[in-house]
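Please read the structure below before turning to the comments.
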Amino acid sequence: IVLALSFSGVAAFSPAALSSRPSTMLQMSGVLSSKTGQSSLDPSVIDRYNDLAYPSEKLMAEYVWVDAVGNTRSKTRTLLASKVESVDSLPKWNFDGSSTDQAPGDDSEVILYPRRIFKDPFRPRSDDVDNILVMCDTYTPAGEALETNTRAKAMKSFEGHDDQEVWFGMEQEFTLFNMDQRTPLGWPEGGAPSRAQGPYYCSVGPENNFGRAITDALYQACLYAGIELSGVNGEVMPGQQEYQVGPCIGIDAGDQLMMSRYILQRVCEDFQVYCTL
């Protein structure tokens, strides 16, 4: 059985726009700026910490879950590398569900159950140990799936069908916006493109394609993580892009899609671009 699903819903970037700044400290005379395409944080300072060596016996695990409205959240913990042989060996964790609209304030503990391990493309290492991203789903301390835990609901659909191998192919569209969160990349501020749909689909050229660097970064990060990202292309609207995940088998399709969305949002952090799915 093969299913194909489509999920609708994300200024050109030159190398000069992403170049390092000469200063080695934040200029704190005012608030940090929200400048599309460029982080306010000094890359030379960030690199100072990225270059530090990790203890060989430890790794960083980013636990990722889906919140009450379908967005991804995450938090980081330290694990012994020797204890990360499989997802079943990972410890459960918890978080304050009242802060994500997934639990009441007087009973706010939510338990994270690890379900799938991916390599972490944002914290690469060179010592043959991988930091990891961990896709989780959410439960009460009593072990009951939260109402917002759509993964648990999906798993019930696969129960009793062990004789079937269901393949999924999924398409995720997204639109990239300037940091004003109103103006898509390639659109004039307060206006609309001067040309109708047509030139932008699968396009090339600075007048047609906006955000290619972001999509390429997403592509590479997903492949590094182990996600079956099978392609990307520009869509019909300026600033709109899409990628495809799959084919994937069973519940792994959902795990890979949600982790790809998490990676997309993290990439947009680095590029200082607002993204809607």
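Labels for the structure tokens follow display order: chains A, B, ..., residues from 1 in each chain, ligands from 1.
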
* To do: For Thr215 (chain A), list every protein, DNA or RNA residue within 9 Å, evaluated using only C-alpha atoms, and leave out those in the same chain fewer than 4 positions away; present the list as a ChimeraX atom specification.
  => /A:211,219-220,232-234,241-243,264,267

* Asked: A:Ala152, A:Leu223, A:Leu218, A:Val87: which is nearest Arg261 (chain A), counting only C-alpha atoms?
  ->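 Going through A:Ala152, A:Leu223, A:Leu218, A:Val87 one by one, the smallest distance to Arg261 (chain A) is for A:Leu218.
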
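Every protein or nucleic acid residue with an atom no more than 12 Å from Glu207 (chain A), counting only C-alpha atoms and leaving out same-chain residues fewer than 3 positions away, appears here: Ala11, Ala12, Leu185, Gly186, Trp187, Pro193, Ser194, Arg195, Pro199, Tyr200, Ser203, Val204, Phe210, Gly211, Pro238 and Gly239 of chain A.
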
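Within region 123-225 of chain A, DSSP run on the backbone puts these residues in strand (DSSP E or B): Ile132, Leu133, Val134, Met135, Cys136, Asp137, Thr138, Tyr139, Ala145, Trp167, Phe168, Gly169, Met170, Glu171, Gln172, Glu173, Phe174, Thr175, Leu176, Phe177 and Pro184 of chain A.
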
* Between A:Pro121, A:Glu109, A:Glu171, A:Phe177, which is the closest to Val245 (chain A) once you count only C-alpha atoms? ->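 Among the listed residues, the smallest separation from Val245 (chain A) belongs to A:Glu171.
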
* Using the chain letters and numbers from this document, which residues of region 203-272 of chain A does DSSP assign to alpha helix (DSSP H), as a PyMOL selection string? -> chain A and resi 212-225+252-271

Please produce a file of the residues just selected, as a PDB file, in the first residue's frame, where the atoms kept are C-alpha atoms.
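Output contents, as saved in out-v8.pdb:
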```pdb
ATOM      1  CA  ARG A 212      17.049  28.789  -1.895  1.00  0.00           C
ATOM      2  CA  ALA A 213      19.895  28.890   0.651  1.00  0.00           C
ATOM      3  CA  ILE A 214      17.415  28.085   3.410  1.00  0.00           C
ATOM      4  CA  THR A 215      15.886  25.174   1.514  1.00  0.00           C
ATOM      5  CA  ASP A 216      19.332  23.798   0.654  1.00  0.00           C
ATOM      6  CA  ALA A 217      20.386  24.060   4.309  1.00  0.00           C
ATOM      7  CA  LEU A 218      17.221  22.202   5.329  1.00  0.00           C
ATOM      8  CA  TYR A 219      17.935  19.537   2.708  1.00  0.00           C
ATOM      9  CA  GLN A 220      21.474  18.888   3.914  1.00  0.00           C
ATOM     10  CA  ALA A 221      20.508  18.973   7.595  1.00  0.00           C
ATOM     11  CA  CYS A 222      17.700  16.441   7.077  1.00  0.00           C
ATOM     12  CA  LEU A 223      19.921  14.059   5.111  1.00  0.00           C
ATOM     13  CA  TYR A 224      22.590  14.329   7.810  1.00  0.00           C
ATOM     14  CA  ALA A 225      19.984  13.585  10.468  1.00  0.00           C
ATOM     15  CA  ASP A 252       8.061   6.239  10.956  1.00  0.00           C
ATOM     16  CA  ALA A 253       6.564   8.531   8.310  1.00  0.00           C
ATOM     17  CA  GLY A 254       5.062  10.756  10.994  1.00  0.00           C
ATOM     18  CA  ASP A 255       8.233  10.719  13.098  1.00  0.00           C
ATOM     19  CA  GLN A 256      10.339  11.786  10.121  1.00  0.00           C
ATOM     20  CA  LEU A 257       7.896  14.483   9.005  1.00  0.00           C
ATOM     21  CA  MET A 258       7.659  16.081  12.462  1.00  0.00           C
ATOM     22  CA  MET A 259      11.429  16.000  12.926  1.00  0.00           C
ATOM     23  CA  SER A 260      11.878  17.600   9.494  1.00  0.00           C
ATOM     24  CA  ARG A 261       9.562  20.413  10.616  1.00  0.00           C
ATOM     25  CA  TYR A 262      11.645  20.875  13.744  1.00  0.00           C
ATOM     26  CA  ILE A 263      14.831  21.048  11.660  1.00  0.00           C
ATOM     27  CA  LEU A 264      13.191  23.568   9.318  1.00  0.00           C
ATOM     28  CA  GLN A 265      12.385  25.886  12.219  1.00  0.00           C
ATOM     29  CA  ARG A 266      15.915  25.562  13.602  1.00  0.00           C
ATOM     30  CA  VAL A 267      17.384  26.406  10.187  1.00  0.00           C
ATOM     31  CA  CYS A 268      15.137  29.476  10.036  1.00  0.00           C
ATOM     32  CA  GLU A 269      16.498  30.536  13.442  1.00  0.00           C
ATOM     33  CA  ASP A 270      19.994  30.577  11.949  1.00  0.00           C
ATOM     34  CA  PHE A 271      18.888  32.574   8.904  1.00  0.00           C
TER      35      PHE A 271
END
```

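You will find CA of Asp101 (chain A) at 28.6 Å from CA of Ile227 (chain A).
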
Write out as a Markdown table the residues of region 62-167 of chain A that have any atom within 8 Å of an atom of region 53-57 of chain A, one row each with the nearest atom pair and its distance in Å to one decimal, counting only C-alpha atoms, sorted by chain and then rising number.
```
| residue | atom | partner | partner_atom | distance |
| --- | --- | --- | --- | --- |
| A:Leu80 | CA | A:Glu57 | CA | 5.8 |
| A:Ala81 | CA | A:Glu57 | CA | 5.4 |
| A:Ser82 | CA | A:Glu57 | CA | 7.1 |
| A:Arg125 | CA | A:Tyr54 | CA | 7.9 |
| A:Asp127 | CA | A:Ser56 | CA | 7.2 |
| A:Val129 | CA | A:Ser56 | CA | 7.2 |
```
